[in-house]
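Taking it in order: structure first as structure tokens, then the write-up.
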Amino acid sequence: MPKKIDFSQIQVMGILNLTPDSFYDGNRYLQEKNMLKRVEEMLNEGADIIDIGAFSSRPGAGFVSYEEERKRLIPRLQQIVRKFPQAVISIDTYRHQIAEESIEKGASIINDISAGNLDDKMFETIARLQVPYIMMHMQGTPENMQKNPQYKNIVKEIIAFFEKKIEELAQLNFNKIIIDPGFGFGKTLKQNYELLAHLEDFNQLNFPVLAGMSRKSMLYKLFKSKPADMLSATSSVNTVALLHGAKILRVHDVKEAVEVVKIVNTLKEFI
């Protein structure tokens, strides 16, 4: 039975990459011992959700077959569910078969970087499963999304994108939606910051908004640095996102994100 989550409260989603080629922590959690230790750490630090991905969606990432994604993901999902039965688990996948099997095996949320664009059976599957569905905006695919992305008005165009997707899902009697504007997915450096500056505009869609900026290129390219050095920058943009109405932070560093949430929640008592 998928677990219920209160999205009226700010949630911290800890990232668990089961991939050899993630931009930040590739190959780190492929062994069972390391994976379970990391999940335990994130839960102890205050993670509300564990988001598990078995393919890299970094810019230029190579294709991963269904068979390979399933082989990486499903056995490890089962190990996590056995070890941490109360954990709320999200599955980062765009494939409807992976989504369905993951929910059967104990996951509670599906996180789709393509908002159904990479699998035309995803929406009907999600509508049948009736579990929270994170749909992200991405211009293009991970292979080509950073090759000269262009918008006339990035905020209006992405809101229109979501309005269309929301209507498609409404036709299937589904409304358990979470909005992810897709920082770093088909956006230039400046476009990412324009999106962040206007993040509160997405609240007009009346669904929770997820912000996923943890250690991304919008940070390390700005500082001409590397992902490993972007912890304080990540906390800074996460604070801005929460002040602009985000309800979920998707992060590599749970402890620091929980601290950001506590500060923002305390501050909001006086706003």
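Every chain in the structure tokens takes a letter, A first, then B, and so on in the order presented; its residues are numbered from 1, and the ligands are numbered from 1 following the presented order.
Residues of stretch 3-203 of chain A assigned to strand (DSSP E) by DSSP on this structure's backbone: Gln11, Val12, Met13, Gly14, Ile15, Leu16, Asn17, Ile49, Ile50, Asp51, Ile52, Gly53, Ile89, Ser90, Ile91, Asp92, Ile109, Ile110, Asn111, Asp112, Tyr133, Ile134, Met135, Met136, Ile177, Ile178, Ile179 and Asp180 of chain A.
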Expected file contents, prior selection, N, CA and C atoms, as an mmCIF file, in the first residue's frame:
data_model
loop_
_atom_site.group_PDB
_atom_site.id
_atom_site.type_symbol
_atom_site.label_atom_id
_atom_site.label_comp_id
_atom_site.auth_asym_id
_atom_site.auth_seq_id
_atom_site.Cartn_x
_atom_site.Cartn_y
_atom_site.Cartn_z
ATOM 1 N N GLN A 11 8.589 19.205 2.177
ATOM 2 C CA GLN A 11 9.180 17.880 2.216
ATOM 3 C C GLN A 11 10.611 17.927 1.680
ATOM 4 N N VAL A 12 11.480 17.141 2.294
ATOM 5 C CA VAL A 12 12.852 16.995 1.804
ATOM 6 C C VAL A 12 12.989 15.614 1.174
ATOM 7 N N MET A 13 13.399 15.608 -0.074
ATOM 8 C CA MET A 13 13.570 14.378 -0.842
ATOM 9 C C MET A 13 15.064 14.121 -1.039
ATOM 10 N N GLY A 14 15.546 13.030 -0.468
ATOM 11 C CA GLY A 14 16.957 12.679 -0.591
ATOM 12 C C GLY A 14 17.202 11.841 -1.831
ATOM 13 N N ILE A 15 18.254 12.151 -2.568
ATOM 14 C CA ILE A 15 18.574 11.490 -3.828
ATOM 15 C C ILE A 15 19.441 10.262 -3.578
ATOM 16 N N LEU A 16 19.041 9.137 -4.166
ATOM 17 C CA LEU A 16 19.852 7.920 -4.152
ATOM 18 C C LEU A 16 20.055 7.465 -5.592
ATOM 19 N N ASN A 17 21.236 7.708 -6.120
ATOM 20 C CA ASN A 17 21.547 7.342 -7.502
ATOM 21 C C ASN A 17 22.161 5.950 -7.565
ATOM 22 N N ILE A 49 11.357 11.729 2.025
ATOM 23 C CA ILE A 49 11.208 10.878 0.849
ATOM 24 C C ILE A 49 12.606 10.475 0.368
ATOM 25 N N ILE A 50 12.743 9.233 -0.089
ATOM 26 C CA ILE A 50 13.974 8.781 -0.740
ATOM 27 C C ILE A 50 13.659 8.592 -2.221
ATOM 28 N N ASP A 51 14.383 9.315 -3.083
ATOM 29 C CA ASP A 51 14.141 9.249 -4.528
ATOM 30 C C ASP A 51 15.226 8.400 -5.180
ATOM 31 N N ILE A 52 14.833 7.268 -5.740
ATOM 32 C CA ILE A 52 15.780 6.305 -6.291
ATOM 33 C C ILE A 52 15.756 6.367 -7.814
ATOM 34 N N GLY A 53 16.938 6.518 -8.400
ATOM 35 C CA GLY A 53 17.052 6.532 -9.856
ATOM 36 C C GLY A 53 18.092 5.537 -10.327
ATOM 37 N N ILE A 89 9.205 6.038 -0.577
ATOM 38 C CA ILE A 89 10.152 5.908 -1.678
ATOM 39 C C ILE A 89 9.541 6.412 -2.973
ATOM 40 N N SER A 90 10.307 7.252 -3.651
ATOM 41 C CA SER A 90 9.956 7.755 -4.975
ATOM 42 C C SER A 90 10.874 7.082 -5.997
ATOM 43 N N ILE A 91 10.334 6.795 -7.175
ATOM 44 C CA ILE A 91 11.118 6.155 -8.223
ATOM 45 C C ILE A 91 11.258 7.115 -9.405
ATOM 46 N N ASP A 92 12.510 7.410 -9.729
ATOM 47 C CA ASP A 92 12.836 8.307 -10.827
ATOM 48 C C ASP A 92 12.911 7.485 -12.110
ATOM 49 N N ILE A 109 5.724 6.895 -4.887
ATOM 50 C CA ILE A 109 5.686 8.066 -5.766
ATOM 51 C C ILE A 109 6.442 7.735 -7.043
ATOM 52 N N ILE A 110 5.971 8.287 -8.169
ATOM 53 C CA ILE A 110 6.714 8.179 -9.429
ATOM 54 C C ILE A 110 7.184 9.575 -9.829
ATOM 55 N N ASN A 111 8.460 9.652 -10.203
ATOM 56 C CA ASN A 111 9.110 10.907 -10.571
ATOM 57 C C ASN A 111 9.578 10.796 -12.019
ATOM 58 N N ASP A 112 8.864 11.455 -12.925
ATOM 59 C CA ASP A 112 9.076 11.296 -14.373
ATOM 60 C C ASP A 112 9.679 12.566 -14.964
ATOM 61 N N TYR A 133 2.444 11.769 -8.568
ATOM 62 C CA TYR A 133 3.213 11.741 -9.822
ATOM 63 C C TYR A 133 3.913 13.077 -10.005
ATOM 64 N N ILE A 134 5.243 13.034 -9.956
ATOM 65 C CA ILE A 134 6.037 14.231 -10.215
ATOM 66 C C ILE A 134 6.288 14.304 -11.703
ATOM 67 N N MET A 135 5.815 15.378 -12.317
ATOM 68 C CA MET A 135 6.082 15.526 -13.759
ATOM 69 C C MET A 135 6.942 16.766 -13.973
ATOM 70 N N MET A 136 8.027 16.539 -14.670
ATOM 71 C CA MET A 136 9.027 17.577 -14.862
ATOM 72 C C MET A 136 9.006 18.092 -16.292
ATOM 73 N N ILE A 177 -0.777 15.356 -8.599
ATOM 74 C CA ILE A 177 0.319 15.880 -9.411
ATOM 75 C C ILE A 177 1.263 16.733 -8.580
ATOM 76 N N ILE A 178 2.546 16.616 -8.876
ATOM 77 C CA ILE A 178 3.575 17.507 -8.340
ATOM 78 C C ILE A 178 4.304 18.107 -9.528
ATOM 79 N N ILE A 179 4.528 19.401 -9.488
ATOM 80 C CA ILE A 179 5.123 20.141 -10.601
ATOM 81 C C ILE A 179 6.618 20.328 -10.374
ATOM 82 N N ASP A 180 7.422 19.955 -11.367
ATOM 83 C CA ASP A 180 8.862 20.194 -11.323
ATOM 84 C C ASP A 180 9.264 20.985 -12.568
#
Name all residues at most 7 Å from A:Ser235 (count only C-alpha atoms; drop same-chain ones fewer than 2 positions away) and give them as a list in words. Leu231, Ser232, Ala233, Val237, Asn238, Thr239, Glu256, Ala257 and Val260 of chain A
Leaving out A:Pro181 and any residue of its chain fewer than 2 positions from it, which residues lie within 8 Å of it when counting only C-alpha atoms, given as a list in words? Met136, His137, Met138, Ile158, Ile179, Phe183, Leu195, Val209, Leu210 and Ala211 of chain A
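In this model, the gap between atom CA of A:Glu32 and atom CA of A:Phe84 comes to 13.5 Å.
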Got a sec: who's within 10 Å of A:Asn192, counting only C-alpha atoms, leaving out chain neighbours fewer than 6 positions off, as a PyMOL selection string? chain A and resi 154+181-186+213+217-219
Taking only stretch 102-254 of chain A into account, list the residues labelled alpha helix (DSSP H) by DSSP (computed from the backbone), as a PyMOL selection string. chain A and resi 102-104+122-129+154-170+189-197+217-220+231-243+254
Neighbour list for A:Asn148 as JSON, numbers by chain, cut-off 12 Å, only C-alpha atoms, skip fewer than 5 positions in-chain: {"A": [139, 140, 185, 186, 187, 188, 189, 191]}
